[in-house]
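final_8.cif (mmCIF, C-alpha atoms) appears below.
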data_my_file
loop_
_atom_site.label_atom_id
_atom_site.label_comp_id
_atom_site.auth_asym_id
_atom_site.auth_seq_id
_atom_site.Cartn_x
_atom_site.Cartn_y
_atom_site.Cartn_z
CA MET A 1 54.89 29.01 87.82
CA ASP A 2 53.10 32.36 87.35
CA GLU A 3 49.42 31.56 86.53
CA LYS A 4 48.35 35.20 86.13
CA PHE A 5 47.98 37.22 82.96
CA ARG A 6 49.04 40.81 83.12
CA ILE A 7 47.67 43.60 80.94
CA SER A 8 49.73 46.79 80.84
CA PHE A 9 48.38 50.24 79.89
CA TYR A 10 50.97 52.74 78.71
CA PRO A 11 49.78 56.36 78.78
CA LYS A 12 51.81 59.26 77.45
CA ASP A 13 53.44 59.62 80.85
CA ALA A 14 55.63 56.52 81.21
CA SER A 15 55.69 56.93 84.98
CA GLN A 16 51.96 56.19 85.20
CA VAL A 17 51.99 52.72 83.66
CA LYS A 18 49.10 50.64 84.94
CA VAL A 19 49.20 46.88 85.17
CA VAL A 20 46.07 44.74 85.57
CA SER A 21 46.61 41.16 86.70
CA LEU A 22 44.03 38.50 85.89
CA SER A 23 44.15 34.97 87.12
CA ARG A 24 44.30 32.13 84.64
CA ARG A 25 40.90 30.90 85.77
CA VAL A 26 39.27 34.29 85.07
CA CYS A 27 40.83 34.46 81.59
CA ILE A 28 39.64 30.93 80.75
CA LEU A 29 36.15 31.79 81.99
CA ALA A 30 36.08 34.99 79.89
CA ALA A 31 37.27 33.08 76.83
CA CYS A 32 34.58 30.42 77.36
CA ILE A 33 31.97 33.17 77.37
CA MET A 34 33.29 35.32 74.51
CA VAL A 35 34.07 32.55 72.01
CA PRO A 36 30.50 31.09 71.96
CA LEU A 37 29.08 34.60 71.70
CA ALA A 38 31.36 35.36 68.75
CA LEU A 39 30.43 32.08 67.05
CA LEU A 40 26.74 32.78 67.64
CA GLY A 41 27.11 36.23 66.08
CA VAL A 42 28.86 34.78 63.03
CA TRP A 43 26.08 32.17 62.68
CA PHE A 44 23.40 34.89 62.84
CA LEU A 45 25.26 36.88 60.19
CA LEU A 46 25.73 33.96 57.81
CA SER A 47 22.22 32.53 58.27
CA GLY A 48 20.64 35.87 57.46
CA THR A 49 18.72 36.09 60.74
CA LEU A 50 19.85 39.67 61.19
CA HIS A 51 19.01 40.55 57.60
CA GLU A 52 15.82 42.31 56.70
CA PRO A 53 13.13 39.79 55.54
CA SER A 54 12.30 39.94 51.86
CA GLU A 55 8.61 40.60 52.60
CA THR A 56 9.51 43.53 54.85
CA ARG A 57 11.92 44.89 52.24
CA ALA A 58 9.27 44.58 49.51
CA MET A 59 6.67 46.27 51.73
CA ARG A 60 9.11 49.07 52.56
CA LYS A 61 9.83 49.59 48.86
CA LYS A 62 6.12 49.63 48.03
CA LEU A 63 5.43 52.14 50.81
CA GLY A 64 8.28 54.29 49.53
CA GLN A 65 6.78 54.33 46.03
CA GLU A 66 3.33 55.17 47.39
CA ASN A 67 4.85 57.92 49.52
CA GLY A 68 6.57 59.36 46.44
CA ALA A 69 3.28 59.33 44.51
CA LEU A 70 1.48 61.05 47.39
CA GLU A 71 4.21 63.69 47.60
CA ASP A 72 3.78 64.41 43.89
CA ARG A 73 0.03 64.81 44.33
CA VAL A 74 0.49 67.05 47.37
CA GLY A 75 2.91 69.18 45.35
CA LYS A 76 0.33 69.49 42.57
CA LEU A 77 -2.34 70.52 45.10
CA ASP A 78 0.05 73.09 46.57
CA GLU A 79 0.49 74.56 43.11
CA ASP A 80 -3.29 74.69 42.67
CA LEU A 81 -3.64 76.39 46.04
CA ARG A 82 -1.02 78.99 45.15
CA GLY A 83 -2.85 79.61 41.89
CA LEU A 84 -6.11 80.11 43.78
CA ARG A 85 -4.47 82.58 46.12
CA ASP A 86 -3.09 84.51 43.16
CA ASP A 87 -6.58 84.61 41.64
CA LEU A 88 -8.01 85.92 44.92
CA SER A 89 -5.35 88.63 45.06
CA ARG A 90 -6.18 89.71 41.51
CA LEU A 91 -9.88 89.81 42.35
CA GLU A 92 -9.15 91.97 45.39
CA GLU A 93 -7.20 94.41 43.24
CA GLN A 94 -10.01 94.55 40.72
CA LYS A 95 -12.49 95.23 43.52
CA VAL A 96 -10.38 98.11 44.80
CA ASN A 97 -10.08 99.57 41.31
CA ALA A 98 -13.81 99.26 40.76
CA LEU A 99 -14.55 101.05 44.06
CA MET A 100 -12.15 103.85 43.21
CA ILE A 101 -13.63 104.29 39.75
CA SER A 102 -17.18 104.31 41.11
CA GLY A 103 -16.30 107.01 43.65
CA VAL A 104 -17.08 104.92 46.72
CA ASP A 105 -14.86 105.68 49.69
CA TYR A 106 -12.65 102.62 49.85
CA MET A 107 -11.15 103.56 53.23
CA GLU A 108 -14.64 103.73 54.71
CA GLY A 109 -15.27 100.27 53.40
CA GLU A 110 -12.00 99.12 54.93
CA LYS A 111 -13.08 100.51 58.33
CA ARG A 112 -16.33 98.59 58.13
CA GLN A 113 -14.42 95.45 57.28
CA LYS A 114 -12.06 95.93 60.22
CA SER A 115 -15.01 96.27 62.60
CA SER A 116 -15.99 92.73 61.71
CA SER A 117 -12.54 91.41 60.81
CA LEU A 118 -13.03 88.11 62.62
CA PHE A 119 -16.16 87.23 60.64
CA SER A 120 -14.75 88.55 57.38
CA PHE A 121 -11.72 86.32 57.90
CA PHE A 122 -13.86 83.20 58.12
CA HIS A 123 -16.00 84.36 55.21
CA SER A 124 -12.88 84.78 53.07
CA LEU A 125 -11.71 81.31 54.01
CA ALA A 126 -15.00 79.62 53.11
CA PRO A 127 -14.68 79.85 49.31
CA MET A 128 -10.99 78.92 49.47
CA LYS A 129 -11.86 75.79 51.44
CA THR A 130 -14.52 74.94 48.90
CA ASP A 131 -12.11 75.44 45.98
CA VAL A 132 -9.43 73.28 47.62
CA GLY A 133 -11.97 70.51 48.23
CA ALA A 134 -13.08 70.68 44.62
CA SER A 135 -9.46 70.50 43.50
CA LEU A 136 -8.90 67.43 45.67
CA ARG A 137 -11.98 65.72 44.26
CA ARG A 138 -10.92 66.60 40.73
CA ALA A 139 -7.40 65.26 41.37
CA ARG A 140 -8.80 61.99 42.73
CA SER A 141 -11.14 61.67 39.76
CA ILE A 142 -8.31 62.28 37.27
CA SER A 143 -6.08 59.79 39.11
CA SER A 144 -8.79 57.11 39.06
CA TYR A 145 -9.43 57.74 35.36
CA LEU A 146 -5.74 57.49 34.49
CA ASP A 147 -5.35 54.27 36.51
CA SER A 148 -8.32 52.64 34.77
CA THR A 149 -7.08 53.83 31.38
CA LEU A 150 -3.62 52.39 32.07
CA ASP A 151 -5.13 49.02 33.05
CA LEU A 152 -7.20 48.99 29.85
CA LEU A 153 -4.19 49.85 27.69
CA GLN A 154 -2.13 47.12 29.33
CA GLN A 155 -4.90 44.57 28.65
CA ARG A 156 -5.16 45.70 25.03
CA ALA A 157 -1.38 45.56 24.63
CA ALA A 158 -1.28 42.00 26.01
CA LEU A 159 -4.09 41.02 23.64
CA VAL A 160 -2.35 42.54 20.61
CA GLU A 161 0.98 40.89 21.48
CA GLY A 162 -0.76 37.52 21.48
CA LEU A 163 -2.27 37.82 18.00
CA PRO A 164 -0.34 35.85 15.32
CA THR A 165 -0.01 38.73 12.86
CA THR A 166 3.72 38.46 12.14
CA SER A 167 5.54 36.10 9.82
CA PRO A 168 7.03 32.93 11.34
CA VAL A 169 10.00 33.18 8.94
CA SER A 170 12.47 35.86 7.92
CA ARG A 171 12.08 38.04 4.82
CA GLU A 172 14.44 35.77 2.86
CA ALA A 173 11.96 32.87 3.00
CA ILE A 174 9.89 32.14 -0.13
CA PRO A 175 6.22 31.01 0.02
CA THR A 176 6.13 27.84 -2.10
CA ARG A 177 2.57 26.65 -1.52
CA GLU A 178 -0.42 28.78 -0.55
CA PHE A 179 -3.54 28.02 1.45
CA GLY A 180 -6.37 26.41 -0.48
CA TYR A 181 -7.14 23.54 -2.83
CA SER A 182 -4.17 22.41 -4.90
CA PRO A 183 -2.65 19.11 -6.20
CA ASP A 184 -1.04 17.03 -3.47
CA PRO A 185 2.70 16.57 -4.25
CA PHE A 186 2.54 12.86 -3.33
CA THR A 187 -0.86 11.69 -4.68
CA GLY A 188 -1.42 14.29 -7.41
CA ARG A 189 -5.04 14.65 -6.33
CA LYS A 190 -6.53 18.04 -5.59
CA ALA A 191 -6.93 18.52 -1.84
CA LEU A 192 -7.17 21.32 0.70
CA HIS A 193 -3.79 22.57 1.81
CA ALA A 194 -4.73 23.92 5.27
CA GLY A 195 -1.63 26.09 5.69
CA VAL A 196 1.17 27.96 3.96
CA ASP A 197 4.59 26.51 3.08
CA PHE A 198 7.75 28.64 3.31
CA SER A 199 11.06 27.49 1.86
CA GLN A 200 14.49 28.55 3.13
CA GLN A 201 17.87 27.00 3.85
CA ALA A 202 18.05 24.30 6.53
CA GLY A 203 18.66 25.66 10.01
CA ALA A 204 17.01 29.04 9.36
CA PRO A 205 15.19 30.30 12.48
CA ILE A 206 11.44 29.81 12.93
CA PHE A 207 9.64 32.47 15.02
CA ALA A 208 6.45 32.52 17.06
CA ALA A 209 3.90 34.51 15.04
CA GLY A 210 2.37 35.81 18.29
CA GLY A 211 2.65 35.47 22.05
CA GLY A 212 1.06 32.49 23.75
CA THR A 213 1.58 29.12 25.43
CA VAL A 214 3.20 26.10 23.80
CA VAL A 215 0.58 23.34 24.11
CA GLU A 216 2.20 20.69 21.91
CA VAL A 217 5.78 19.72 21.09
CA GLN A 218 6.16 16.33 19.43
CA LYS A 219 7.77 14.23 16.72
CA ASP A 220 5.04 13.08 14.33
CA LEU A 221 5.45 10.56 11.50
CA LEU A 222 3.65 12.88 9.05
CA TRP A 223 4.55 16.36 10.33
CA GLY A 224 7.97 15.53 11.76
CA ASN A 225 9.10 17.86 14.54
CA CYS A 226 6.10 20.12 15.14
CA ILE A 227 4.92 22.79 17.59
CA ARG A 228 1.44 24.06 18.43
CA ILE A 229 0.95 27.42 20.23
CA ASP A 230 -2.28 28.55 21.91
CA HIS A 231 -2.75 32.34 21.61
CA GLY A 232 -6.01 32.47 23.56
CA ARG A 233 -9.58 33.22 22.45
CA GLY A 234 -9.64 30.07 20.31
CA VAL A 235 -6.60 31.05 18.19
CA GLU A 236 -3.81 28.51 17.56
CA THR A 237 -0.81 28.28 15.24
CA PHE A 238 0.94 25.11 14.05
CA TYR A 239 4.56 24.76 12.83
CA ALA A 240 5.68 21.50 11.15
CA HIS A 241 8.75 19.81 9.56
CA LEU A 242 11.17 21.64 11.90
CA GLN A 243 14.75 20.48 12.22
CA GLU A 244 15.38 21.63 15.83
CA LEU A 245 12.85 22.28 18.62
CA GLU A 246 13.85 25.08 20.98
CA VAL A 247 10.76 25.28 23.24
CA LYS A 248 9.03 22.91 25.64
CA GLN A 249 5.39 22.11 26.27
CA GLY A 250 3.81 24.56 28.70
CA GLN A 251 6.40 27.27 27.99
CA LYS A 252 5.29 30.89 27.53
CA VAL A 253 6.58 32.53 24.35
CA ILE A 254 6.45 36.07 23.02
CA ARG A 255 5.98 37.36 19.49
CA GLY A 256 9.13 36.96 17.41
CA GLN A 257 10.78 34.47 19.78
CA THR A 258 12.77 31.70 18.08
CA ILE A 259 11.00 28.37 18.63
CA GLY A 260 12.93 26.14 16.22
CA THR A 261 14.76 25.89 12.90
CA MET A 262 13.79 25.09 9.31
CA GLY A 263 14.07 21.43 8.43
CA MET A 264 12.78 18.45 6.43
CA THR A 265 11.49 16.07 9.09
CA GLY A 266 8.42 13.90 8.59
CA VAL A 267 6.88 13.46 5.14
CA ALA A 268 8.35 16.34 3.09
CA THR A 269 9.65 16.83 -0.44
CA GLY A 270 12.19 19.47 0.62
CA VAL A 271 13.34 21.81 3.34
CA HIS A 272 10.37 24.01 4.30
CA LEU A 273 8.02 25.14 7.08
CA HIS A 274 4.36 24.20 7.04
CA TYR A 275 2.47 26.91 8.97
CA GLU A 276 -1.22 26.75 9.92
CA LEU A 277 -3.62 29.16 11.66
CA THR A 278 -6.75 27.91 13.43
CA ILE A 279 -9.53 30.22 14.64
CA ARG A 280 -12.36 28.66 16.63
CA ASN A 281 -11.56 25.15 15.31
CA ALA A 282 -11.57 26.35 11.67
CA LYS A 283 -8.47 26.36 9.44
CA VAL A 284 -8.00 29.79 7.86
CA ASP A 285 -5.51 31.41 5.51
CA PRO A 286 -2.65 32.73 7.71
CA MET A 287 -1.61 35.26 5.05
CA LYS A 288 -4.90 37.14 5.48
CA TYR A 289 -3.94 37.98 9.05
CA PHE A 290 -0.39 39.15 8.43
CA LEU A 291 0.26 42.86 8.78
CA PRO A 292 0.17 44.71 5.41
CA GLU A 293 3.93 45.22 5.23
CA LEU A 294 4.47 41.50 5.83
CA ARG A 295 2.14 40.61 2.96
CA MET A 296 4.19 42.80 0.64
CA ALA A 297 7.45 41.30 1.96
CA THR A 298 6.22 37.79 1.19
CA GLY A 299 5.00 38.82 -2.27
CA THR A 300 1.26 38.54 -1.53
CA GLN A 301 -0.75 41.70 -2.23
CA GLY A 302 -4.23 40.32 -1.66
CA ALA A 303 -5.86 37.43 0.09
CA PRO A 304 -4.81 34.07 -1.36
CA SER A 305 -7.37 31.69 -2.76
CA GLY A 306 -9.20 29.15 -0.66
CA LEU A 307 -11.79 29.49 2.12
CA ASP A 308 -12.48 33.11 1.25
CA GLU A 309 -15.96 32.78 2.72
CA HIS A 310 -14.51 32.53 6.23
CA GLU A 311 -14.70 36.04 7.64
CA ASP A 312 -14.10 35.35 11.33
CA GLY A 313 -11.62 37.72 12.93
CA PHE A 314 -9.61 37.38 16.10
#
Can the structure from this file be put into structure tokens for me?
Amino acid sequence: MDEKFRISFYPKDASQVKVVSLSRRVCILAACIMVPLALLGVWFLLSGTLHEPSETRAMRKKLGQENGALEDRVGKLDEDLRGLRDDLSRLEEQKVNALMISGVDYMEGEKRQKSSSLFSFFHSLAPMKTDVGASLRRARSISSYLDSTLDLLQQRAALVEGLPTTSPVSREAIPTREFGYSPDPFTGRKALHAGVDFSQQAGAPIFAAGGGTVVEVQKDLLWGNCIRIDHGRGVETFYAHLQELEVKQGQKVIRGQTIGTMGMTGVATGVHLHYELTIRNAKVDPMKYFLPELRMATGTQGAPSGLDEHEDGF
């Protein structure tokens, strides 16, 4: 029995066919070496060992962005330098014209300059170096100012997005009970109604009046399904009698995000939303803090009655 493996190489010239004979033992040994190496390579590939780490990829991306920003600044400085050179050329032309008009021999002046050309070269570079340094300092100052301004604007934007100044209901909703003292629908006695009631069909969406964190989601016997959102700086909003709850406690929400639907849970005489605004532990009229166009949309031109002496802002 032939225990050798033969490998034939066929070149263009058929008379020069080469045959390599390998013993069965050598082939088995080569297979025992190559198969584990191939499996190891496949394992490395699938496990991600050969992939670039996420931290390295993020650092490389960050360095690329910084490099792009530096290239933009260098390009701006190059433009400033070219502008300075153009200004120097114009000044040189004006000097020549002034010398010619005054009758001074310009060529004689050129000879004197050539006699000390080395020193005049360094003297001509001194103001340019100073101007470039000033341009660099000015560019750094402007960059620092723009960065600080951007940070301030981002902080202001985040603060504004958190203020509950938008309506928690759509324009089709009707305000049925305002903030202030009015007869209680169950007892008939005059009492403080610490919020505003909006009526709409069951299942209508309820929106977050401002961005913040959901600090309370519960089913109360009086308020039914209710939600409380903390907007920061002592500002909270409260939504009661909801049919469906679409947020969880601890969840971050943004202005205008749907948090539930209109319902009639708890103690209620009809389908409506009871909406409250609290500023520094004091109940205030939410309608006073709506944007002007929202007041007009809800049919309220001025501040409603009740607690008008409270003048605290956000």
(request) Fewer than 6 positions away in the same chain doesn't count, so skip those; otherwise give me all residues within 7 Å of stretch 201-214 of chain A, counting all atoms listed in the file, as a ChimeraX atom specification. (result) /A:161-169,228-231,243,248-263,271
(message) Running the PyMOL selection byres ((chain A and resi 220) around 10) on this model by hand, what would come out? Give it as JSON, numbers by chain.
(response) {"A": [217, 218, 219, 221, 222, 223, 224, 225, 226, 240, 241, 265, 266, 267]}
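A straight line drawn from atom CA of A:Leu37 to atom CA of A:Thr56 is 27.3 Å long.
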Would you be able to write out as an mmCIF file with C-alpha atoms, in the coordinates of the input which residues have an atom within 6 Å of (0.5, 23.5, 17.0) in the file's coordinates, counting only C-alpha atoms?
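What landed in selection_15.cif:
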data_model
loop_
_atom_site.group_PDB
_atom_site.id
_atom_site.type_symbol
_atom_site.label_atom_id
_atom_site.label_comp_id
_atom_site.auth_asym_id
_atom_site.auth_seq_id
_atom_site.Cartn_x
_atom_site.Cartn_y
_atom_site.Cartn_z
ATOM 1 C CA GLU A 216 2.200 20.690 21.910
ATOM 2 C CA ILE A 227 4.920 22.790 17.590
ATOM 3 C CA ARG A 228 1.440 24.060 18.430
ATOM 4 C CA ILE A 229 0.950 27.420 20.230
ATOM 5 C CA THR A 237 -0.810 28.280 15.240
ATOM 6 C CA PHE A 238 0.940 25.110 14.050
ATOM 7 C CA TYR A 239 4.560 24.760 12.830
#
(request) May I ask which of the residues A:Asp80, A:Glu172, A:Glu178, A:Asp285 is the closest one to A:Gln200, counting all atoms listed in the file? (result) A:Glu172
(request) In Å, rounded to a single decimal, give me how far atom CA of A:Arg85 is from atom CA of A:Asn67. (result) 26.6 Å
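Going from atom CA of A:Leu77 over to atom CA of A:Lys62, you cover 22.7 Å.
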